[in-house]
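Note sheet for the following structure.
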Amino acid sequence: MVSPLNPILEEALPEKDETAGIEKPLRLLKHVPEDPAALLDLANHSIVSSRQFTSEHVKQLIRLAAKHEAVPQQARRPLVGKILISAFYEPSTRTRLSFESAWHRLGGDIMSITDPATTGIAKGESFSDVGEMLNNYGDLVVLRETNHQAIYRMMEGLRIPIVNAGNGTDEHPTQALADMYAIFKWRLELMDKDIAENKKVRIGIVGLPSTMRTVRSLLYLLALFPQSFKEVVIICNEEEVFSESQKENLEEMGLILRVSNDLKKELPKLDIVYINSIAWIGDDYKEFGQEFALSKSSPLKKGAIIMHPLARGRELSTDLDDTPHNWYFAQARGAVFIRMALLTCLVQHNW
Ligand code: CP
């Protein structure tokens, strides 16, 4: 907490932003009983897909993230002497920097690859051979790569854990963890098995589950808490909304899904609006759903929150930034703490 030096400075400070305060993570920390077994379960594992997580994993990771956010002064530096290999063969602002920030905060060192042209991949070296080499240089790899198979090839050579930081159109599991952290900080009762009927929420996802990795990973995690969502409304105008078996799998897990192409009609009923327009396909990104956009004049429900994995495009007007609907900045901020929680569990048991 920053204490103002004098009344003039106090006046100049912006109004307290409760999305960045410690009150919500503290409440969350008190709400979830600690279960170390769920976290021990993750030790020395690689994370490729959201499907690897159980609801208990998610709850305990979120509890640990809340601890990092609420009481940072208690954080020890468990990763001193450990090296992260941060390999981003595709552009990133948030994922790379929040992973690296998380690792630094935990006391570790980092080697970063931000340009594929500077590694042997540019000379035709296989991902499997690169993986074999990385075993000698670090303790954990974070990989972003457009080719969704690259992470599996790298794992053929790796004996240290790897985390998928976005593999083409497939998945982005740690973004989904950050999304769930933001949702549960907003309404912590959504984590509960026996949630009251009047506490359940309706979520709208403006995006394409077949090709948007953030949406794909988020849907898997939402499906671990089907009791909390009255309905998940997918808002899009595309033909192939779901990939093969995706809808059936999510419905089997208990999620109630509906597809709509009318954002204005849906908005007044939505408690959470998750919006994204970008998918990485091949070597470039493609924008979908440009007919769907949110601004201050959109018919949003009172108290509704907007989430966005960012980067922002035309679909999300900056005039929403100063409204209480803005939960996307809190979502991005929380990504550091949830990544701290995950990294600690993957690399060592003692958190
Ligand atoms: N959310 C997300 O993946 O953002 P970056 O592309 O900036 O990492």
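By convention in this document, the chains of the structure tokens carry letters A, B, ... by their order, each chain's residues are numbered from 1, and ligands are numbered from 1 in the order they are shown.
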Would you kindly return, as a PyMOL selection string, each protein, DNA or RNA residue with an atom no farther than 12 Å from any atom of A:Ala311, considering only C-alpha atoms and excluding same-chain residues fewer than 3 positions away?
chain A and resi 91-95+214+275-279+285+287+307-308+314-316+328-329+332
Would you save the residues of that selection, restricted to C-alpha atoms, as a PDB file, in the first residue's frame?
ATOM      1  CA  PRO A  91       4.822 -12.279 -30.423  1.00  0.00           C
ATOM      2  CA  SER A  92       3.618 -11.750 -26.860  1.00  0.00           C
ATOM      3  CA  THR A  93       3.324  -8.885 -24.403  1.00  0.00           C
ATOM      4  CA  ARG A  94       1.488 -10.290 -21.397  1.00  0.00           C
ATOM      5  CA  THR A  95       2.320 -13.965 -21.352  1.00  0.00           C
ATOM      6  CA  THR A 214      -7.834 -18.689 -25.144  1.00  0.00           C
ATOM      7  CA  ILE A 275     -14.510 -11.018 -25.688  1.00  0.00           C
ATOM      8  CA  ASN A 276     -11.653 -11.850 -28.023  1.00  0.00           C
ATOM      9  CA  SER A 277     -11.273 -11.345 -31.751  1.00  0.00           C
ATOM     10  CA  ILE A 278      -7.812 -12.714 -32.561  1.00  0.00           C
ATOM     11  CA  ALA A 279      -6.749 -16.241 -33.479  1.00  0.00           C
ATOM     12  CA  TYR A 285      -3.157 -13.643 -36.772  1.00  0.00           C
ATOM     13  CA  GLU A 287      -9.451 -11.228 -36.728  1.00  0.00           C
ATOM     14  CA  MET A 307     -13.008  -9.826 -19.657  1.00  0.00           C
ATOM     15  CA  HIS A 308     -10.537  -9.856 -22.527  1.00  0.00           C
ATOM     16  CA  ARG A 314     -11.557  -2.567 -32.327  1.00  0.00           C
ATOM     17  CA  GLU A 315     -13.899  -4.925 -30.462  1.00  0.00           C
ATOM     18  CA  LEU A 316     -13.268  -3.277 -27.081  1.00  0.00           C
ATOM     19  CA  TYR A 328      -9.762  -7.006 -18.130  1.00  0.00           C
ATOM     20  CA  PHE A 329      -6.993  -5.046 -16.467  1.00  0.00           C
ATOM     21  CA  ALA A 332      -4.064  -9.227 -16.809  1.00  0.00           C
TER      22      ALA A 332
END
Any residue with an atom at most 12 Å from ligand 1 counts, using only C-alpha atoms and all ligand atoms. Which are they? Put them as a ChimeraX atom specification.
/A:88-100,142-146,164-169,171-179,212-215,217-218,275-280,285,307-312,328-329,331-336
Distance atom CA of A:Asp109-atom CA of A:Ile83, one decimal place?
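Going from atom CA of A:Asp109 over to atom CA of A:Ile83 covers 4.8 Å.
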Two-atom distance - atom CA of A:Glu23, atom CA of A:Lys185 (Å)
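Separation of atom CA of A:Glu23 and atom CA of A:Lys185: 9.5 Å.
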Computed interatomic separation between atom CA of A:Lys265 and atom CA of A:Ser317 (Å)
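Atom CA of A:Ser317 lies at a distance of 19.0 Å from atom CA of A:Lys265.
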Backbone-only DSSP, alpha helix (DSSP H) members of stretch 5-92 of chain A, as a ChimeraX atom specification
/A:7-12,23-31,36-40,55-70
Selection near A:Asp41, 12 Å with only C-alpha atoms, sequence-local residues under 2 positions removed, as a VMD selection string
chain A and resid 35 to 39 43 to 46 52 to 54 56 to 58 60 to 61 342 345 to 349
Output N, CA and C atoms of each residue in that selection to a file, as a PDB file, in the first residue's frame.
ATOM      1  N   ASP A  35      -5.314 -27.394   0.521  1.00  0.00           N
ATOM      2  CA  ASP A  35      -5.182 -28.835   0.261  1.00  0.00           C
ATOM      3  C   ASP A  35      -3.867 -29.066  -0.484  1.00  0.00           C
ATOM      4  N   PRO A  36      -2.774 -29.233   0.249  1.00  0.00           N
ATOM      5  CA  PRO A  36      -1.457 -29.340  -0.407  1.00  0.00           C
ATOM      6  C   PRO A  36      -1.373 -30.501  -1.390  1.00  0.00           C
ATOM      7  N   ALA A  37      -2.170 -31.542  -1.185  1.00  0.00           N
ATOM      8  CA  ALA A  37      -2.071 -32.724  -2.057  1.00  0.00           C
ATOM      9  C   ALA A  37      -2.322 -32.355  -3.511  1.00  0.00           C
ATOM     10  N   ALA A  38      -3.273 -31.461  -3.742  1.00  0.00           N
ATOM     11  CA  ALA A  38      -3.601 -31.079  -5.123  1.00  0.00           C
ATOM     12  C   ALA A  38      -2.411 -30.378  -5.780  1.00  0.00           C
ATOM     13  N   LEU A  39      -1.669 -29.613  -4.999  1.00  0.00           N
ATOM     14  CA  LEU A  39      -0.525 -28.892  -5.554  1.00  0.00           C
ATOM     15  C   LEU A  39       0.673 -29.827  -5.741  1.00  0.00           C
ATOM     16  N   ALA A  43       3.763 -31.376  -9.241  1.00  0.00           N
ATOM     17  CA  ALA A  43       5.235 -31.268  -9.222  1.00  0.00           C
ATOM     18  C   ALA A  43       5.862 -32.030 -10.381  1.00  0.00           C
ATOM     19  N   ASN A  44       6.803 -31.374 -11.035  1.00  0.00           N
ATOM     20  CA  ASN A  44       7.586 -31.955 -12.146  1.00  0.00           C
ATOM     21  C   ASN A  44       6.753 -32.339 -13.367  1.00  0.00           C
ATOM     22  N   HIS A  45       5.538 -31.836 -13.458  1.00  0.00           N
ATOM     23  CA  HIS A  45       4.710 -32.110 -14.639  1.00  0.00           C
ATOM     24  C   HIS A  45       4.837 -30.983 -15.662  1.00  0.00           C
ATOM     25  N   SER A  46       4.603 -31.337 -16.921  1.00  0.00           N
ATOM     26  CA  SER A  46       4.460 -30.318 -17.959  1.00  0.00           C
ATOM     27  C   SER A  46       2.988 -29.962 -18.079  1.00  0.00           C
ATOM     28  N   GLN A  52      -5.702 -31.007 -18.285  1.00  0.00           N
ATOM     29  CA  GLN A  52      -4.909 -31.700 -17.251  1.00  0.00           C
ATOM     30  C   GLN A  52      -5.353 -31.327 -15.836  1.00  0.00           C
ATOM     31  N   PHE A  53      -6.096 -30.220 -15.707  1.00  0.00           N
ATOM     32  CA  PHE A  53      -6.441 -29.742 -14.364  1.00  0.00           C
ATOM     33  C   PHE A  53      -7.770 -30.319 -13.886  1.00  0.00           C
ATOM     34  N   THR A  54      -7.829 -30.572 -12.566  1.00  0.00           N
ATOM     35  CA  THR A  54      -9.107 -30.878 -11.921  1.00  0.00           C
ATOM     36  C   THR A  54      -9.610 -29.588 -11.270  1.00  0.00           C
ATOM     37  N   GLU A  56     -10.047 -29.167  -8.203  1.00  0.00           N
ATOM     38  CA  GLU A  56      -9.245 -28.958  -6.984  1.00  0.00           C
ATOM     39  C   GLU A  56      -7.896 -28.315  -7.327  1.00  0.00           C
ATOM     40  N   HIS A  57      -7.280 -28.749  -8.452  1.00  0.00           N
ATOM     41  CA  HIS A  57      -6.045 -28.075  -8.898  1.00  0.00           C
ATOM     42  C   HIS A  57      -6.310 -26.580  -9.068  1.00  0.00           C
ATOM     43  N   VAL A  58      -7.390 -26.262  -9.776  1.00  0.00           N
ATOM     44  CA  VAL A  58      -7.683 -24.853 -10.085  1.00  0.00           C
ATOM     45  C   VAL A  58      -7.911 -24.076  -8.787  1.00  0.00           C
ATOM     46  N   GLN A  60      -6.867 -24.723  -5.745  1.00  0.00           N
ATOM     47  CA  GLN A  60      -5.660 -24.587  -4.930  1.00  0.00           C
ATOM     48  C   GLN A  60      -4.641 -23.649  -5.580  1.00  0.00           C
ATOM     49  N   LEU A  61      -4.547 -23.669  -6.907  1.00  0.00           N
ATOM     50  CA  LEU A  61      -3.649 -22.731  -7.589  1.00  0.00           C
ATOM     51  C   LEU A  61      -4.138 -21.303  -7.371  1.00  0.00           C
ATOM     52  N   LEU A 342       1.675 -21.485 -10.172  1.00  0.00           N
ATOM     53  CA  LEU A 342       1.895 -22.677 -10.997  1.00  0.00           C
ATOM     54  C   LEU A 342       3.383 -23.030 -11.070  1.00  0.00           C
ATOM     55  N   CYS A 345       4.781 -24.727  -8.046  1.00  0.00           N
ATOM     56  CA  CYS A 345       4.338 -26.127  -7.905  1.00  0.00           C
ATOM     57  C   CYS A 345       5.054 -27.051  -8.897  1.00  0.00           C
ATOM     58  N   LEU A 346       5.288 -26.568 -10.106  1.00  0.00           N
ATOM     59  CA  LEU A 346       5.890 -27.429 -11.121  1.00  0.00           C
ATOM     60  C   LEU A 346       7.360 -27.720 -10.805  1.00  0.00           C
ATOM     61  N   VAL A 347       8.053 -26.708 -10.287  1.00  0.00           N
ATOM     62  CA  VAL A 347       9.501 -26.844 -10.121  1.00  0.00           C
ATOM     63  C   VAL A 347       9.885 -27.455  -8.783  1.00  0.00           C
ATOM     64  N   GLN A 348       9.150 -27.126  -7.750  1.00  0.00           N
ATOM     65  CA  GLN A 348       9.518 -27.673  -6.440  1.00  0.00           C
ATOM     66  C   GLN A 348       8.291 -27.732  -5.534  1.00  0.00           C
ATOM     67  N   HIS A 349       8.365 -28.565  -4.523  1.00  0.00           N
ATOM     68  CA  HIS A 349       7.188 -28.849  -3.711  1.00  0.00           C
ATOM     69  C   HIS A 349       6.957 -27.813  -2.610  1.00  0.00           C
TER      70      HIS A 349
END
Shell around stretch 132-141 of chain A at 6 Å using only C-alpha atoms, local window under 6 positions removed, as a ChimeraX atom specification
/A:82-86,157-158,160-162
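Candidate residues A:Glu266, A:Gly107, A:Ala20, A:Glu69 were compared for distance to A:Ala330, and the nearest is A:Ala20, using only C-alpha atoms.
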Report as a ChimeraX atom specification: the residues of stretch 174-332 of chain A with a DSSP assignment of strand (DSSP E or B), based on the backbone of this structure.
/A:201-206,229-235,257-260,272-275,278-281,284-287,294,305-307,316,326
Within 10 Å of A:Gly303 using only C-alpha atoms, minus same-chain residues under 4 positions, as number ranges by chain:
A: 270-272, 324-325
Same residues, all heavy atoms, saved as a PDB file, in the first residue's frame:
ATOM      1  N   LEU A 270     -26.278 -10.927 -19.604  1.00  0.00           N
ATOM      2  CA  LEU A 270     -24.972 -11.539 -19.293  1.00  0.00           C
ATOM      3  C   LEU A 270     -24.310 -10.898 -18.064  1.00  0.00           C
ATOM      4  O   LEU A 270     -24.225  -9.674 -17.971  1.00  0.00           O
ATOM      5  CB  LEU A 270     -24.027 -11.407 -20.486  1.00  0.00           C
ATOM      6  CG  LEU A 270     -24.463 -12.114 -21.768  1.00  0.00           C
ATOM      7  CD1 LEU A 270     -23.489 -11.806 -22.912  1.00  0.00           C
ATOM      8  CD2 LEU A 270     -24.562 -13.628 -21.552  1.00  0.00           C
ATOM      9  N   ASP A 271     -23.835 -11.748 -17.154  1.00  0.00           N
ATOM     10  CA  ASP A 271     -23.108 -11.265 -15.977  1.00  0.00           C
ATOM     11  C   ASP A 271     -21.622 -11.108 -16.278  1.00  0.00           C
ATOM     12  O   ASP A 271     -20.950 -10.255 -15.711  1.00  0.00           O
ATOM     13  CB  ASP A 271     -23.278 -12.268 -14.824  1.00  0.00           C
ATOM     14  CG  ASP A 271     -24.735 -12.492 -14.497  1.00  0.00           C
ATOM     15  OD1 ASP A 271     -25.343 -11.565 -13.937  1.00  0.00           O
ATOM     16  OD2 ASP A 271     -25.283 -13.565 -14.846  1.00  0.00           O
ATOM     17  N   ILE A 272     -21.122 -11.982 -17.141  1.00  0.00           N
ATOM     18  CA  ILE A 272     -19.715 -11.904 -17.571  1.00  0.00           C
ATOM     19  C   ILE A 272     -19.706 -11.887 -19.098  1.00  0.00           C
ATOM     20  O   ILE A 272     -20.362 -12.731 -19.725  1.00  0.00           O
ATOM     21  CB  ILE A 272     -18.898 -13.132 -17.101  1.00  0.00           C
ATOM     22  CG1 ILE A 272     -18.965 -13.296 -15.586  1.00  0.00           C
ATOM     23  CG2 ILE A 272     -17.449 -13.036 -17.565  1.00  0.00           C
ATOM     24  CD1 ILE A 272     -18.326 -14.596 -15.068  1.00  0.00           C
ATOM     25  N   PRO A 324     -16.911   0.488 -14.170  1.00  0.00           N
ATOM     26  CA  PRO A 324     -16.803  -0.711 -13.307  1.00  0.00           C
ATOM     27  C   PRO A 324     -16.890  -2.014 -14.102  1.00  0.00           C
ATOM     28  O   PRO A 324     -16.637  -3.076 -13.553  1.00  0.00           O
ATOM     29  CB  PRO A 324     -18.005  -0.585 -12.364  1.00  0.00           C
ATOM     30  CG  PRO A 324     -18.570   0.764 -12.559  1.00  0.00           C
ATOM     31  CD  PRO A 324     -18.109   1.290 -13.879  1.00  0.00           C
ATOM     32  N   HIS A 325     -17.250  -1.933 -15.394  1.00  0.00           N
ATOM     33  CA  HIS A 325     -17.295  -3.154 -16.213  1.00  0.00           C
ATOM     34  C   HIS A 325     -15.895  -3.674 -16.534  1.00  0.00           C
ATOM     35  O   HIS A 325     -15.734  -4.821 -16.913  1.00  0.00           O
ATOM     36  CB  HIS A 325     -18.026  -2.889 -17.542  1.00  0.00           C
ATOM     37  CG  HIS A 325     -19.445  -2.459 -17.366  1.00  0.00           C
ATOM     38  ND1 HIS A 325     -20.387  -3.250 -16.767  1.00  0.00           N
ATOM     39  CD2 HIS A 325     -20.073  -1.309 -17.718  1.00  0.00           C
ATOM     40  CE1 HIS A 325     -21.549  -2.608 -16.755  1.00  0.00           C
ATOM     41  NE2 HIS A 325     -21.380  -1.430 -17.316  1.00  0.00           N
TER      42      HIS A 325
END
Long-range neighbours of A:Ile62 as an mmCIF file with N, CA, C and O atoms, in the first residue's frame, 8 Å cut-off, only C-alpha atoms, 5 positions minimum in chain:
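Done, and the output landed in around39.cif:
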data_model
loop_
_atom_site.group_PDB
_atom_site.id
_atom_site.type_symbol
_atom_site.label_atom_id
_atom_site.label_comp_id
_atom_site.auth_asym_id
_atom_site.auth_seq_id
_atom_site.Cartn_x
_atom_site.Cartn_y
_atom_site.Cartn_z
ATOM 1 N N LEU A 177 -6.176 -20.111 -16.647
ATOM 2 C CA LEU A 177 -6.052 -20.045 -15.178
ATOM 3 C C LEU A 177 -6.187 -18.598 -14.706
ATOM 4 O O LEU A 177 -6.841 -18.313 -13.699
ATOM 5 N N TYR A 181 -8.998 -17.070 -12.215
ATOM 6 C CA TYR A 181 -8.605 -16.300 -11.029
ATOM 7 C C TYR A 181 -9.388 -14.979 -10.991
ATOM 8 O O TYR A 181 -9.907 -14.575 -9.944
ATOM 9 N N ILE A 338 -0.986 -15.943 -10.607
ATOM 10 C CA ILE A 338 -1.364 -17.333 -10.892
ATOM 11 C C ILE A 338 -0.169 -18.061 -11.515
ATOM 12 O O ILE A 338 0.044 -19.251 -11.270
ATOM 13 N N ALA A 341 2.138 -19.059 -8.788
ATOM 14 C CA ALA A 341 1.611 -20.247 -8.095
ATOM 15 C C ALA A 341 1.939 -21.508 -8.888
ATOM 16 O O ALA A 341 2.467 -22.485 -8.345
#
How close does each residue of stretch 127-220 of chain A get to stretch 25-33 of chain A, giving the shortest atom pair and distance in Å to one decimal for every residue with an atom at most 10 Å away, counting only C-alpha atoms, sorted by chain and residue number, as a Markdown table?
| residue | atom | partner | partner_atom | distance |
| --- | --- | --- | --- | --- |
| A:Tyr181 | CA | A:Pro25 | CA | 9.3 |
| A:Ala182 | CA | A:Pro25 | CA | 9.9 |
| A:Phe184 | CA | A:Leu28 | CA | 7.7 |
| A:Lys185 | CA | A:Pro25 | CA | 6.4 |
| A:Trp186 | CA | A:Leu28 | CA | 9.5 |
| A:Arg187 | CA | A:Leu28 | CA | 9.1 |
| A:Leu188 | CA | A:Leu28 | CA | 6.2 |
| A:Glu189 | CA | A:His31 | CA | 8.6 |
| A:Met191 | CA | A:Val32 | CA | 8.7 |
| A:Asp192 | CA | A:Val32 | CA | 9.2 |
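Of the listed residues (A:Lys269, A:Lys199, A:Arg216, A:Lys59), A:Arg216 comes nearest to A:Asn249; the distances count only C-alpha atoms.
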Would you list the contacts of A:Gln73 as an MDAnalysis selection string, taking every protein, DNA or RNA residue within 12 Å and counting only C-alpha atoms, but skipping same-chain residues closer than 4 positions in sequence?
chainID A and resid 1 67:69 77 105:106
Out of A:Leu40, A:Val130, A:Ala87, A:Leu300, which residue has the shortest atom-to-atom distance to A:Asp115 when counting only C-alpha atoms?
A:Ala87
